[in-house]
$ cat final29.cif   # mmCIF, C-alpha atoms
data_data
loop_
_atom_site.group_PDB
_atom_site.id
_atom_site.type_symbol
_atom_site.label_atom_id
_atom_site.label_comp_id
_atom_site.auth_asym_id
_atom_site.auth_seq_id
_atom_site.Cartn_x
_atom_site.Cartn_y
_atom_site.Cartn_z
ATOM 1 C CA MET A 10 361.055 3.637 -113.075
ATOM 2 C CA THR A 11 364.633 4.327 -114.223
ATOM 3 C CA PHE A 12 367.309 1.635 -114.431
ATOM 4 C CA HIS A 13 368.889 2.775 -111.153
ATOM 5 C CA ALA A 14 365.520 2.863 -109.398
ATOM 6 C CA ARG A 15 364.771 -0.682 -110.646
ATOM 7 C CA LYS A 16 368.165 -1.848 -109.412
ATOM 8 C CA SER A 17 367.608 -0.241 -106.005
ATOM 9 C CA TYR A 18 364.143 -1.809 -105.892
ATOM 10 C CA ALA A 19 365.517 -5.292 -106.543
ATOM 11 C CA ILE A 20 368.213 -4.929 -103.921
ATOM 12 C CA LEU A 21 366.123 -3.252 -101.272
ATOM 13 C CA SER A 22 363.276 -5.724 -101.614
ATOM 14 C CA ASN A 23 365.686 -8.595 -100.965
ATOM 15 C CA MET A 24 367.376 -7.060 -97.976
ATOM 16 C CA GLU A 25 366.803 -8.985 -94.810
ATOM 17 C CA SER A 26 368.287 -6.364 -92.507
ATOM 18 C CA LYS A 27 365.602 -3.808 -93.312
ATOM 19 C CA THR A 28 362.193 -4.839 -92.151
ATOM 20 C CA GLN A 29 359.042 -3.477 -93.737
ATOM 21 C CA THR A 30 358.488 -1.225 -90.727
ATOM 22 C CA LYS A 31 361.972 0.209 -91.034
ATOM 23 C CA LYS A 32 361.452 1.069 -94.697
ATOM 24 C CA ALA A 33 358.223 2.858 -93.862
ATOM 25 C CA GLU A 34 359.966 4.652 -90.996
ATOM 26 C CA ILE A 35 362.666 5.954 -93.330
ATOM 27 C CA VAL A 36 360.072 7.384 -95.713
ATOM 28 C CA GLN A 37 358.189 8.876 -92.755
ATOM 29 C CA GLN A 38 361.406 10.420 -91.412
ATOM 30 C CA LEU A 39 361.979 12.155 -94.748
ATOM 31 C CA GLN A 40 358.534 13.715 -94.455
ATOM 32 C CA VAL A 41 359.256 14.820 -90.870
ATOM 33 C CA ASP A 42 362.483 16.481 -92.042
ATOM 34 C CA ARG A 43 360.576 18.262 -94.775
ATOM 35 C CA LYS A 44 358.037 19.515 -92.227
ATOM 36 C CA LYS A 45 360.860 20.779 -90.000
ATOM 37 C CA LEU A 46 362.188 22.720 -92.938
ATOM 38 C CA LEU A 47 358.720 24.144 -93.574
ATOM 39 C CA ASN A 48 358.419 25.285 -89.963
ATOM 40 C CA ARG A 49 361.469 27.450 -90.469
ATOM 41 C CA GLN A 50 361.063 30.871 -92.026
ATOM 42 C CA LEU A 51 362.296 30.819 -95.595
ATOM 43 C CA LEU A 52 362.297 34.605 -95.625
ATOM 44 C CA PRO A 53 362.580 36.562 -92.349
ATOM 45 C CA ALA A 54 359.670 38.862 -91.382
ATOM 46 C CA TRP A 55 361.823 41.985 -91.715
ATOM 47 C CA PHE A 56 362.620 41.051 -95.314
ATOM 48 C CA HIS A 57 359.009 41.606 -96.432
ATOM 49 C CA VAL A 58 358.894 45.035 -94.770
ATOM 50 C CA ALA A 59 362.345 45.998 -96.059
ATOM 51 C CA SER A 60 361.332 45.012 -99.609
ATOM 52 C CA GLY A 61 358.189 47.128 -99.266
ATOM 53 C CA ILE A 62 360.187 50.138 -98.050
ATOM 54 C CA LEU A 63 362.709 49.801 -100.890
ATOM 55 C CA ALA A 64 359.882 49.539 -103.437
ATOM 56 C CA ALA A 65 358.256 52.662 -101.959
ATOM 57 C CA MET A 66 361.607 54.478 -102.116
ATOM 58 C CA TYR A 67 361.937 53.558 -105.784
ATOM 59 C CA VAL A 68 358.424 54.840 -106.455
ATOM 60 C CA ILE A 69 359.236 58.268 -105.005
ATOM 61 C CA THR A 70 362.633 58.682 -106.746
ATOM 62 C CA PRO A 71 361.090 61.043 -109.380
ATOM 63 C CA ILE A 72 360.784 63.702 -106.663
ATOM 64 C CA LEU A 73 364.593 63.777 -106.457
ATOM 65 C CA PRO A 74 366.505 66.154 -108.750
ATOM 66 C CA THR A 75 367.336 64.417 -112.065
ATOM 67 C CA THR A 76 371.084 64.391 -111.268
ATOM 68 C CA ASP A 77 370.563 62.470 -108.009
ATOM 69 C CA ARG A 78 368.285 59.773 -109.404
ATOM 70 C CA SER A 79 370.898 57.379 -110.736
ATOM 71 C CA THR A 80 372.645 57.397 -107.336
ATOM 72 C CA GLY A 81 369.291 56.580 -105.770
ATOM 73 C CA TYR A 82 368.711 53.663 -108.158
ATOM 74 C CA ILE A 83 372.169 52.227 -107.464
ATOM 75 C CA PHE A 84 371.639 52.588 -103.718
ATOM 76 C CA LEU A 85 368.298 50.758 -103.934
ATOM 77 C CA LEU A 86 369.742 47.960 -106.068
ATOM 78 C CA VAL A 87 372.678 47.432 -103.707
ATOM 79 C CA ALA A 88 370.338 47.552 -100.697
ATOM 80 C CA MET A 89 368.043 44.914 -102.255
ATOM 81 C CA LEU A 90 370.964 42.573 -102.996
ATOM 82 C CA LEU A 91 372.258 43.089 -99.461
ATOM 83 C CA PHE A 92 368.831 42.279 -98.001
ATOM 84 C CA VAL A 93 368.582 39.047 -100.018
ATOM 85 C CA TYR A 94 372.072 38.088 -98.843
ATOM 86 C CA MET A 95 371.247 38.877 -95.213
ATOM 87 C CA ALA A 96 367.941 36.998 -95.390
ATOM 88 C CA GLN A 97 369.700 33.868 -96.685
ATOM 89 C CA ARG A 98 372.300 34.099 -93.939
ATOM 90 C CA GLU A 99 369.622 34.516 -91.283
ATOM 91 C CA THR A 100 367.385 31.655 -92.338
ATOM 92 C CA GLY A 101 370.203 29.326 -93.429
ATOM 93 C CA VAL A 102 368.223 28.365 -96.498
ATOM 94 C CA LYS A 103 368.624 29.412 -100.117
ATOM 95 C CA VAL A 104 365.365 28.822 -101.896
ATOM 96 C CA SER A 105 364.992 28.085 -105.573
ATOM 97 C CA GLY A 106 362.436 29.690 -107.887
ATOM 98 C CA GLY A 107 358.735 29.469 -107.113
ATOM 99 C CA GLY A 108 357.726 27.988 -110.480
ATOM 100 C CA ALA A 109 355.120 29.573 -112.755
ATOM 101 C CA ALA A 110 353.063 30.890 -109.834
ATOM 102 C CA GLY A 111 356.169 32.372 -108.241
ATOM 103 C CA PHE A 112 357.106 34.013 -111.526
ATOM 104 C CA LEU A 113 353.615 35.543 -111.695
ATOM 105 C CA VAL A 114 354.002 36.951 -108.179
ATOM 106 C CA LEU A 115 357.390 38.465 -109.051
ATOM 107 C CA LEU A 116 355.907 39.853 -112.262
ATOM 108 C CA SER A 117 353.066 41.404 -110.238
ATOM 109 C CA ILE A 118 355.607 43.050 -107.916
ATOM 110 C CA PHE A 119 357.434 44.448 -110.939
ATOM 111 C CA ALA A 120 354.167 45.697 -112.468
ATOM 112 C CA ALA A 121 353.028 47.348 -109.211
ATOM 113 C CA VAL A 122 356.365 49.092 -108.684
ATOM 114 C CA THR A 123 356.518 50.269 -112.301
ATOM 115 C CA ALA A 124 352.925 51.541 -112.178
ATOM 116 C CA GLY A 125 353.645 53.401 -108.911
ATOM 117 C CA HIS A 126 356.757 54.933 -110.447
ATOM 118 C CA ILE A 127 354.819 56.111 -113.502
ATOM 119 C CA VAL A 128 352.083 57.643 -111.319
ATOM 120 C CA THR A 129 354.734 59.522 -109.312
ATOM 121 C CA LEU A 130 356.359 60.780 -112.516
ATOM 122 C CA ALA A 131 352.965 62.108 -113.592
ATOM 123 C CA LEU A 132 352.387 63.733 -110.194
ATOM 124 C CA VAL A 133 355.826 65.381 -110.270
ATOM 125 C CA SER A 134 355.217 66.708 -113.773
ATOM 126 C CA LEU A 135 351.942 68.195 -112.497
ATOM 127 C CA GLN A 136 353.905 69.709 -109.589
ATOM 128 C CA LEU A 137 352.018 67.584 -107.100
ATOM 129 C CA SER A 138 355.120 65.969 -105.610
ATOM 130 C CA TRP A 139 353.663 65.633 -102.101
ATOM 131 C CA TRP A 140 350.895 63.404 -103.458
ATOM 132 C CA SER A 141 353.498 60.818 -104.464
ATOM 133 C CA ILE A 142 353.322 59.556 -100.890
ATOM 134 C CA LEU A 143 350.035 57.847 -101.863
ATOM 135 C CA PRO A 144 351.350 55.603 -104.687
ATOM 136 C CA ALA A 145 354.444 54.935 -102.556
ATOM 137 C CA ALA A 146 352.300 53.747 -99.621
ATOM 138 C CA ALA A 147 350.109 51.666 -101.931
ATOM 139 C CA VAL A 148 353.132 50.013 -103.566
ATOM 140 C CA MET A 149 354.702 49.342 -100.174
ATOM 141 C CA SER A 150 351.641 47.460 -98.932
ATOM 142 C CA ILE A 151 351.292 45.566 -102.226
ATOM 143 C CA VAL A 152 354.947 44.503 -102.184
ATOM 144 C CA ILE A 153 354.781 43.384 -98.532
ATOM 145 C CA THR A 154 351.672 41.294 -99.287
ATOM 146 C CA LEU A 155 353.138 39.797 -102.467
ATOM 147 C CA SER A 156 356.448 39.066 -100.752
ATOM 148 C CA LYS A 157 354.566 37.077 -98.096
ATOM 149 C CA THR A 158 352.580 35.342 -100.842
ATOM 150 C CA TYR A 159 355.847 34.399 -102.540
ATOM 151 C CA GLU A 160 357.116 32.817 -99.327
ATOM 152 C CA LYS A 161 353.880 30.831 -99.000
ATOM 153 C CA LEU A 162 354.305 29.607 -102.572
ATOM 154 C CA LEU A 163 357.843 28.476 -101.845
ATOM 155 C CA LYS A 164 356.629 26.602 -98.779
ATOM 156 C CA ASN A 165 353.852 24.945 -100.784
ATOM 157 C CA ARG A 166 356.388 23.790 -103.352
ATOM 158 C CA ILE A 167 358.530 22.246 -100.617
ATOM 159 C CA ALA A 168 355.466 20.643 -99.016
ATOM 160 C CA ASN A 169 354.437 19.115 -102.336
ATOM 161 C CA GLY A 170 357.986 18.019 -103.147
ATOM 162 C CA ARG A 171 358.173 20.747 -105.875
ATOM 163 C CA MET B 1 374.776 -10.568 -99.535
ATOM 164 C CA GLY B 2 376.190 -10.244 -103.050
ATOM 165 C CA ALA B 3 373.486 -7.908 -104.274
ATOM 166 C CA ASP B 4 374.219 -5.478 -101.484
ATOM 167 C CA ARG B 5 377.579 -4.690 -103.022
ATOM 168 C CA SER B 6 375.928 -3.012 -106.010
ATOM 169 C CA ILE B 7 373.550 -0.869 -103.960
ATOM 170 C CA ASP B 8 374.176 2.860 -103.736
ATOM 171 C CA THR B 9 375.818 2.676 -100.324
ATOM 172 C CA VAL B 10 376.377 6.417 -100.288
ATOM 173 C CA ILE B 11 372.696 7.233 -100.076
ATOM 174 C CA HIS B 12 371.697 4.005 -98.364
ATOM 175 C CA ALA B 13 372.859 5.297 -94.956
ATOM 176 C CA PRO B 14 369.741 6.787 -93.302
ATOM 177 C CA MET B 15 371.445 10.012 -92.212
ATOM 178 C CA ARG B 16 372.834 10.679 -95.679
ATOM 179 C CA LEU B 17 369.440 9.924 -97.182
ATOM 180 C CA ARG B 18 367.900 12.482 -94.809
ATOM 181 C CA ILE B 19 370.524 15.076 -95.751
ATOM 182 C CA CYS B 20 369.718 14.569 -99.437
ATOM 183 C CA GLY B 21 366.002 14.658 -98.611
ATOM 184 C CA MET B 22 366.337 18.082 -97.018
ATOM 185 C CA LEU B 23 368.451 19.451 -99.829
ATOM 186 C CA ARG B 24 366.169 18.044 -102.532
ATOM 187 C CA HIS B 25 363.567 20.772 -102.151
ATOM 188 C CA VAL B 26 365.703 23.894 -101.866
ATOM 189 C CA ASN B 27 368.652 25.464 -103.611
ATOM 190 C CA ALA B 28 371.109 25.195 -100.702
ATOM 191 C CA ILE B 29 371.118 24.892 -96.917
ATOM 192 C CA ASP B 30 373.593 26.180 -94.380
ATOM 193 C CA PHE B 31 375.634 23.550 -92.483
ATOM 194 C CA ALA B 32 374.286 24.742 -89.113
ATOM 195 C CA THR B 33 370.676 24.504 -90.298
ATOM 196 C CA ILE B 34 371.146 20.917 -91.486
ATOM 197 C CA LYS B 35 372.832 20.049 -88.195
ATOM 198 C CA ASP B 36 369.951 21.549 -86.183
ATOM 199 C CA ASN B 37 367.304 19.775 -88.235
ATOM 200 C CA LEU B 38 368.991 16.394 -88.011
ATOM 201 C CA GLY B 39 370.121 16.780 -84.413
ATOM 202 C CA ILE B 40 373.628 15.463 -85.012
ATOM 203 C CA THR B 41 377.099 16.726 -84.145
ATOM 204 C CA ASP B 42 379.331 18.860 -86.357
ATOM 205 C CA SER B 43 381.841 16.063 -86.842
ATOM 206 C CA SER B 44 379.178 13.514 -87.739
ATOM 207 C CA LEU B 45 377.613 15.838 -90.295
ATOM 208 C CA SER B 46 381.049 16.672 -91.717
ATOM 209 C CA LYS B 47 381.789 12.986 -92.225
ATOM 210 C CA HIS B 48 378.488 12.385 -94.006
ATOM 211 C CA LEU B 49 378.972 15.455 -96.199
ATOM 212 C CA THR B 50 382.466 14.331 -97.124
ATOM 213 C CA VAL B 51 381.104 10.986 -98.294
ATOM 214 C CA LEU B 52 378.326 12.688 -100.259
ATOM 215 C CA ALA B 53 380.725 15.237 -101.768
ATOM 216 C CA ASP B 54 383.225 12.522 -102.752
ATOM 217 C CA ALA B 55 380.418 10.712 -104.560
ATOM 218 C CA GLY B 56 379.513 13.943 -106.363
ATOM 219 C CA TYR B 57 376.085 14.113 -104.730
ATOM 220 C CA VAL B 58 376.578 17.438 -102.961
ATOM 221 C CA THR B 59 378.757 20.496 -103.301
ATOM 222 C CA VAL B 60 380.045 22.312 -100.246
ATOM 223 C CA LYS B 61 380.810 26.001 -100.611
ATOM 224 C CA LYS B 62 382.399 28.041 -97.860
ATOM 225 C CA GLU B 63 381.720 31.749 -97.652
ATOM 226 C CA SER B 64 383.406 34.148 -95.294
ATOM 227 C CA SER B 65 380.938 35.833 -93.028
ATOM 228 C CA ALA B 66 381.384 39.539 -92.496
ATOM 229 C CA LEU B 67 378.099 39.576 -90.626
ATOM 230 C CA ARG B 68 379.300 37.244 -87.904
ATOM 231 C CA ILE B 69 381.380 38.797 -85.156
ATOM 232 C CA ASP B 70 383.471 35.652 -84.768
ATOM 233 C CA ALA B 71 384.285 35.833 -88.531
ATOM 234 C CA ARG B 72 383.569 32.129 -88.957
ATOM 235 C CA ARG B 73 382.673 30.862 -92.357
ATOM 236 C CA VAL B 74 379.197 29.996 -93.496
ATOM 237 C CA VAL B 75 379.073 26.658 -95.283
ATOM 238 C CA TRP B 76 376.418 26.186 -97.950
ATOM 239 C CA VAL B 77 375.544 22.644 -98.966
ATOM 240 C CA LYS B 78 373.854 22.031 -102.308
ATOM 241 C CA LEU B 79 372.558 18.844 -103.883
ATOM 242 C CA THR B 80 373.944 18.173 -107.362
ATOM 243 C CA LYS B 81 371.842 16.866 -110.264
ATOM 244 C CA GLU B 82 373.429 13.460 -109.791
ATOM 245 C CA GLY B 83 372.602 13.539 -106.087
ATOM 246 C CA GLY B 84 369.018 14.517 -106.833
ATOM 247 C CA ARG B 85 368.680 11.645 -109.286
ATOM 248 C CA ALA B 86 370.178 9.154 -106.839
ATOM 249 C CA PHE B 87 367.843 10.331 -104.083
ATOM 250 C CA ASP B 88 364.750 10.192 -106.298
ATOM 251 C CA ASP B 89 365.605 6.698 -107.538
ATOM 252 C CA TYR B 90 366.234 5.417 -104.028
ATOM 253 C CA VAL B 91 363.009 6.857 -102.595
ATOM 254 C CA LYS B 92 361.011 5.664 -105.618
ATOM 255 C CA ALA B 93 362.304 2.133 -105.089
ATOM 256 C CA LEU B 94 361.635 2.304 -101.366
ATOM 257 C CA LYS B 95 358.062 3.497 -101.857
ATOM 258 C CA ALA B 96 357.396 0.868 -104.527
ATOM 259 C CA ILE B 97 358.465 -1.892 -102.141
ATOM 260 C CA ILE B 98 356.244 -0.546 -99.383
ATOM 261 C CA GLU B 99 353.302 -0.364 -101.804
ATOM 262 C CA ASP B 100 353.935 -3.864 -103.185
ATOM 263 C CA ASP B 101 354.041 -5.411 -99.735
ATOM 264 C CA ARG B 102 350.691 -3.910 -98.739
#
$ encode --input "final29.cif" --output "structure tokens"
Amino acid sequence: MTFHARKSYAILSNMESKTQTKKAEIVQQLQVDRKKLLNRQLLPAWFHVASGILAAMYVITPILPTTDRSTGYIFLLVAMLLFVYMAQRETGVKVSGGGAAGFLVLLSIFAAVTAGHIVTLALVSLQLSWWSILPAAAVMSIVITLSKTYEKLLKNRIANGR
Amino acid sequence: MGADRSIDTVIHAPMRLRICGMLRHVNAIDFATIKDNLGITDSSLSKHLTVLADAGYVTVKKESSALRIDARRVVWVKLTKEGGRAFDDYVKALKAIIEDDR
């Protein structure tokens, strides 16, 4: 226990105005507040789908002419930032990082998107551009699932007090 | 009570403790969301936030909202490191007392 915690302990334990029940009620109320926060959506449902669509769009960018690709990348980056901003505004909550597990989920998203992009590049070089719809669809479903997993992780961290 | 004078009166108020408790587990929360969760009025929440901000326990950041048709600002409230420490110490002490009395 830190010095401040010890000081608070000494003072609180001597307080006559706060009965034992009241102290327990305060702690219970903090847990109720935490549950209320957990019942809210930390990320709106559309955000998962939108992230999946953006990831799929990134995967199929190799089918665009080389000159148009950088515009496409910038558009996707701006769209992603805008979606994050809109999601925070909608839920009223800015969440912090999901810890090691959250980092792994984000890394998995990155790996899936990169792998999908590489597969599409290979398909385009083999002049099988239409087949790039398959990796794009696969990446979209993976990203939607992982995005939902990330939200669950964030909720677990809040439930466990980080 | 003489000892009471040295207690952290900022966080000792139940509503302010609850505000810190909500903020403890996230990066920041919108003013309206805190108000909804606590079920208090705008003015009451503003007063509590002013006390917490003056003590350096929270930061209040206003952002203009292009997404809202009434162009009102969105107010983000964030717990500072000092606020987090004060909250943790207070709750730790509270829980220890409850445990000791059992």
$ residues_around --input "final29.cif" --residues "range 15-17 of chain B" --least-positions-apart "3" --cutoff "12 Å" --atoms "only C-alpha atoms" --output "NGL selection string"
(:A and (35-36 or 38-40 or 42)) or (:B and (8-12 or 20-24 or 34-35 or 37-41 or 44-53 or 55 or 57-58 or 79 or 83-84 or 86-91 or 94))
$ resolve_selection --input "final29.cif" --expression "the PyMOL selection byres ((chain B) within 7 of (chain A))" --output "count of residues only"
21
$ closest_residue --input "final29.cif" --among "A:Leu135, A:Met89, A:Leu47, A:Ala110" --to "Leu63 in chain A" --atoms "all atoms listed in the file"
A:Met89
$ residues_near_point --input "final29.cif" --point "(353.1, 46.9, -98.9)" --cutoff "12 Å" --atoms "only C-alpha atoms" --output "count of residues only"
31
$ atom_distance --input "final29.cif" --atom1 "CA of Ala96 in chain A" --atom2 "CA of Thr80 in chain A"
24.1 Å
$ residues_around --input "final29.cif" --residues "Ser138 in chain A" --least-positions-apart "4" --cutoff "10 Å" --atoms "all atoms listed in the file" --output "PDB file with C-alpha atoms, in the coordinates of the input"
ATOM      1  CA  ILE A  69     359.236  58.268-105.005  1.00  0.00           C
ATOM      2  CA  PRO A  71     361.090  61.043-109.380  1.00  0.00           C
ATOM      3  CA  ILE A  72     360.784  63.702-106.663  1.00  0.00           C
ATOM      4  CA  LEU A  73     364.593  63.777-106.457  1.00  0.00           C
ATOM      5  CA  THR A 129     354.734  59.522-109.312  1.00  0.00           C
ATOM      6  CA  LEU A 130     356.359  60.780-112.516  1.00  0.00           C
ATOM      7  CA  ALA A 131     352.965  62.108-113.592  1.00  0.00           C
ATOM      8  CA  LEU A 132     352.387  63.733-110.194  1.00  0.00           C
ATOM      9  CA  VAL A 133     355.826  65.381-110.270  1.00  0.00           C
ATOM     10  CA  SER A 134     355.217  66.708-113.773  1.00  0.00           C
ATOM     11  CA  ILE A 142     353.322  59.556-100.890  1.00  0.00           C
TER      12      ILE A 142
END
$ atom_distance --input "final29.cif" --atom1 "CA of Gly111 in chain A" --atom2 "CA of Tyr159 in chain A"
6.1 Å
$ closest_residue --input "final29.cif" --among "B:Ala13, B:Ile19, B:Phe31, B:Glu82" --to "Ser43 in chain B" --atoms "all atoms listed in the file"
B:Phe31
